[in-house]
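Beneath this line is the structure, given in structure tokens, with notes to follow.
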Amino acid sequence: MARPRQHAPEALHARVMETCDEWLKEQPVHALSLRNLAREVGCAPSTLLKLYGSFGNLLQHVNLATLDRLRDAIAGQETPSPSERLKALARAYWGFAQRDPYRWQLLFDFPLAQEGELDQRQNAMIEGLFERVEGALVEYAPRVESVEAKRMARTLWGSVHGLVQLGMNERLGLWQGQPLEVTELLDQLLDTMLAGLKVRSEAACAGDATEADK
């Protein structure tokens with residue numbers, strides 16, 4: 001049997017990520033194993049274990065690359081209106097899931113890192129994504145407190161993710177024989193939540209004005 005080709009760690013990592021990318025364009029990660037990945041790359045499984053420590057850690061690097069792609073996908077969604085910006089972010093998220101379904105699925109079907117450098121890098125990227133949502137919410141309703149903005153950003157994005165996941169699984173049902181449009185439902189969700197936030201913000205302003213007049 002021919003001996004596996006030798007790779008420098010950086011070159012091997014690049015090759016592994018490229019191979020995973022090609023795989024995830026067509027198939028879910030559940031069909032991928034360390035052994036067949038090593039065969040595709042041209043090395044022994046033990047070489048990959050030496051580089052990554054475990055197959056799980058290897059997939060965490062794939063998740064990092066996915067988060068990086070997601071960040072790029074929403075980076076250009078800048079509009080003067082914070083409400084339109086939030087809608088654009090939600091649509092970009094839906095578009096990303098449609099374009100890269102198996103990568104997107106891996107983010108949620110496989111637990112993220114729990115400690116170490118991978119955990120820190122993943123958390124930093126996830127926080128960066130949430131900060132964009134928080135920033136738009138604070139811009140829309142400047143009186144919202146930072147803690148409330150954090151909670152609201154996660155509640156809002158959890159709702160967006162739920163619609164996207166149902167849309168990906170075709171579980172949103174039909175209207176007049178046609179599937180409901182995810183983009184329309186996302187817009188409706190954001191309109192409803194932002195309208196509620198506006199009412200709360202106006203009520204808070206009115207309450208402050210009343211206190212000042214006393």
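If you're wondering about the labels, chains in the structure tokens are A, B, ... by order shown, residues count from 1 in each chain, ligands from 1 in order shown.
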
Enumerate as an mmCIF file with N, CA and C atoms, in the first residue's frame all residues of region 21-208 of chain A assigned to strand (DSSP E or B) by DSSP on the backbone, naming them with the chain letters and numbers the document uses.
```cif
data_model
loop_
_atom_site.group_PDB
_atom_site.id
_atom_site.type_symbol
_atom_site.label_atom_id
_atom_site.label_comp_id
_atom_site.auth_asym_id
_atom_site.auth_seq_id
_atom_site.Cartn_x
_atom_site.Cartn_y
_atom_site.Cartn_z
ATOM 1 N N LEU A 174 -49.452 25.546 3.884
ATOM 2 C CA LEU A 174 -49.823 26.094 2.580
ATOM 3 C C LEU A 174 -50.895 27.161 2.732
ATOM 4 N N TRP A 175 -50.944 28.048 1.762
ATOM 5 C CA TRP A 175 -52.025 29.014 1.663
ATOM 6 C C TRP A 175 -52.499 29.002 0.216
ATOM 7 N N GLN A 178 -50.370 26.916 -2.079
ATOM 8 C CA GLN A 178 -48.975 27.294 -2.283
ATOM 9 C C GLN A 178 -48.263 27.422 -0.940
ATOM 10 N N PRO A 179 -46.956 27.054 -0.885
ATOM 11 C CA PRO A 179 -46.204 27.209 0.365
ATOM 12 C C PRO A 179 -46.152 28.679 0.779
#
```

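Distance-wise, CA of Lys87 (chain A) and CA of Leu189 (chain A) end up 9.3 Å apart.
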
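Close contacts of Ala113 (chain A), defined as residues with an atom at most 7 Å away when counting only C-alpha atoms, with chain neighbours fewer than 5 positions off set aside, comprise A:Gln60, A:Leu118, A:Asp119.
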
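Using only C-alpha atoms, the smallest distance between any of A:His61, A:Glu22, A:Arg132, A:Leu106 and Gly76 (chain A) comes from A:Arg132.
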
Exercise. If we count only C-alpha atoms, what is near region 161-169 of chain A at a cut-off of 10 Å, once residues fewer than 4 positions away on the same chain are taken out, given as a ChimeraX atom specification?
Worked result: /A:90-91,93-95,97-98,101,104-105,155-157,173,179-183,185-186,189

For this session: Using only C-alpha atoms, determine which residues lie at most 12 Å from Pro80 (chain A), disregarding the query and same-chain residues fewer than 5 positions distant; provide the list as a PyMOL selection string.
Result: chain A and resi 85-86+88+136+139-140

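In this model, the gap between CA of Arg71 (chain A) and CA of Val29 (chain A) comes to 21.3 Å.
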
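Between Leu64 (chain A) and the candidates A:Gln176, A:Gln122, A:Ser159, A:Thr192, the tightest atom-to-atom separation, counting only C-alpha atoms, involves A:Gln122.
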
Exercise. Which of these, A:Ala124, A:Leu172, A:Leu67, A:Leu190, has the shortest distance to Pro82 (chain A) once you count only C-alpha atoms?
Worked result: A:Leu190

Problem set entry | Per-residue DSSP, region 48-168 of chain A, filtered to helix (DSSP H, G or I), as a ChimeraX atom specification | /A:48-52,55-75,82-99,101-109,116-140,146-168

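Residue nearest Ala11 (chain A), chosen from A:Ala44, A:Leu107, A:Ala153, A:Leu51 and counting only C-alpha atoms: A:Leu51.
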
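Distance check against Leu32 (chain A) using only C-alpha atoms: of A:Leu197, A:Leu48, A:Leu59, A:Leu112, the minimum falls on A:Leu59.
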
Problem set entry | Proximity to Arg69 (chain A) - best of A:Arg39, A:Arg103, A:Leu137, A:Pro45, only C-alpha atoms | A:Arg103

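CA of Pro28 (chain A) is found 5.2 Å from CA of Tyr102 (chain A).
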